[in-house]
Amino acid sequence: MSKNCKLFWGMLALSLLLSGCAPKNVKEPAGDAAGSGAVSGSASVTDSSAAPVAFEGTDLEGNAVTSDIFSQSRLTMVNVWATYCNPCLSEMPSLGELAAEYDAADFQVIGIVSDVLEGQDQALVESLVEQTGASYPHLLLNESIHYGLLMNVAAVPTTFFIDEDGIVLDVVIGAMKKTAWEEKINALLEGL
């Protein structure tokens, strides 16, 4: 490989590395999330220009799921994960516990598998969900989800907190411990 070609690829790799995506108002989380690599960015709850999240998808049981699901709880945690992502898989048991511990009218969890398209490799996803005890609904990737909610997802796990009107309240990039999730959930519920 020529010297110029190596230089080109090196510069391209460096520019991609340095141009990482992160939401505005990024802050390092406190408590159990500190040092975990998780970052959090908040969207203003009173920002009337925020458009509701809209999507249509299918869960692992073949049920149609739309953004109307947000109206079922005051707060919805949408956890975007991938089958190859160890931090994603490591936090899924805690997310399953959280889904079971909170009153469904207040809080629910939804998983979105970012690397498996509808109709493809569903057995792998079902196996991982069973192994991790993440018994909350999981949606498989499709165009509506990809070009809607996931359009700006740069890394997994990424977790969105969405109110009952479909407005994104907060975004967390990275995995956190259960206690850190509980603190975040409780703070968001108090603010609603």
# chains A, B, ... in the order shown; residues from 1 in each chain; ligands from 1
$ residues_around --residues "Ile69 in chain A" --least-positions-apart "3" --cutoff "10 Å" --atoms "only C-alpha atoms" --output "ChimeraX atom specification"
/A:65-66,72-73,76,108,110,164-166
$ residues_around --residues "Ala82 in chain A" --least-positions-apart "4" --cutoff "7 Å" --atoms "only C-alpha atoms" --output "PyMOL selection string"
chain A and resi 88+113-115+156
$ residues_around --residues "Ile167 in chain A" --least-positions-apart "2" --cutoff "8 Å" --atoms "only C-alpha atoms" --output "ChimeraX atom specification"
/A:45,50-53,162-165,169
$ closest_residue --among "A:Ser71, A:Leu60, A:Leu141, A:Phe161" --to "Glu118 in chain A" --atoms "only C-alpha atoms"
A:Leu141
$ decode --residues "range 127-175 of chain A" --atoms "C-alpha atoms" --output "compact mmCIF listing (two decimals), in the first residue's frame"
# COMPACT_ATOMS: atom_id res chain seq x y z
CA SER A 127 -32.72 -16.66 23.12
CA LEU A 128 -30.88 -13.58 24.43
CA VAL A 129 -34.08 -12.14 25.92
CA GLU A 130 -34.73 -15.45 27.70
CA GLN A 131 -31.13 -15.75 28.94
CA THR A 132 -31.13 -12.23 30.37
CA GLY A 133 -34.61 -12.33 31.90
CA ALA A 134 -35.57 -9.20 29.99
CA SER A 135 -39.25 -10.08 29.78
CA TYR A 136 -40.43 -6.65 28.63
CA PRO A 137 -41.49 -6.11 24.97
CA HIS A 138 -38.72 -6.04 22.36
CA LEU A 139 -39.14 -4.62 18.87
CA LEU A 140 -37.16 -5.69 15.83
CA LEU A 141 -35.65 -3.09 13.54
CA ASN A 142 -37.60 -1.82 10.53
CA GLU A 143 -37.59 1.34 8.39
CA SER A 144 -40.08 3.18 10.60
CA ILE A 145 -37.99 2.62 13.73
CA HIS A 146 -34.66 3.19 11.98
CA TYR A 147 -35.65 6.48 10.35
CA GLY A 148 -37.65 7.61 13.39
CA LEU A 149 -36.38 7.01 16.88
CA LEU A 150 -33.01 5.50 15.92
CA MET A 151 -31.97 8.07 13.33
CA ASN A 152 -29.48 9.73 15.69
CA VAL A 153 -28.34 6.70 17.68
CA ALA A 154 -24.54 6.51 17.39
CA ALA A 155 -23.82 3.81 19.97
CA VAL A 156 -25.49 1.04 21.92
CA PRO A 157 -26.83 0.84 24.45
CA THR A 158 -28.73 4.09 24.07
CA THR A 159 -31.75 4.63 26.28
CA PHE A 160 -34.54 7.14 25.68
CA PHE A 161 -37.00 8.25 28.34
CA ILE A 162 -40.28 9.24 26.71
CA ASP A 163 -43.39 10.71 28.33
CA GLU A 164 -46.99 9.64 27.70
CA ASP A 165 -47.29 12.21 24.89
CA GLY A 166 -44.33 10.69 23.02
CA ILE A 167 -41.87 13.47 23.87
CA VAL A 168 -38.26 12.48 24.56
CA LEU A 169 -37.35 13.75 28.03
CA ASP A 170 -33.84 12.34 28.38
CA VAL A 171 -31.26 10.22 26.57
CA VAL A 172 -28.55 8.07 28.16
CA ILE A 173 -25.71 6.65 26.10
CA GLY A 174 -24.07 3.66 27.75
CA ALA A 175 -25.00 1.06 30.34
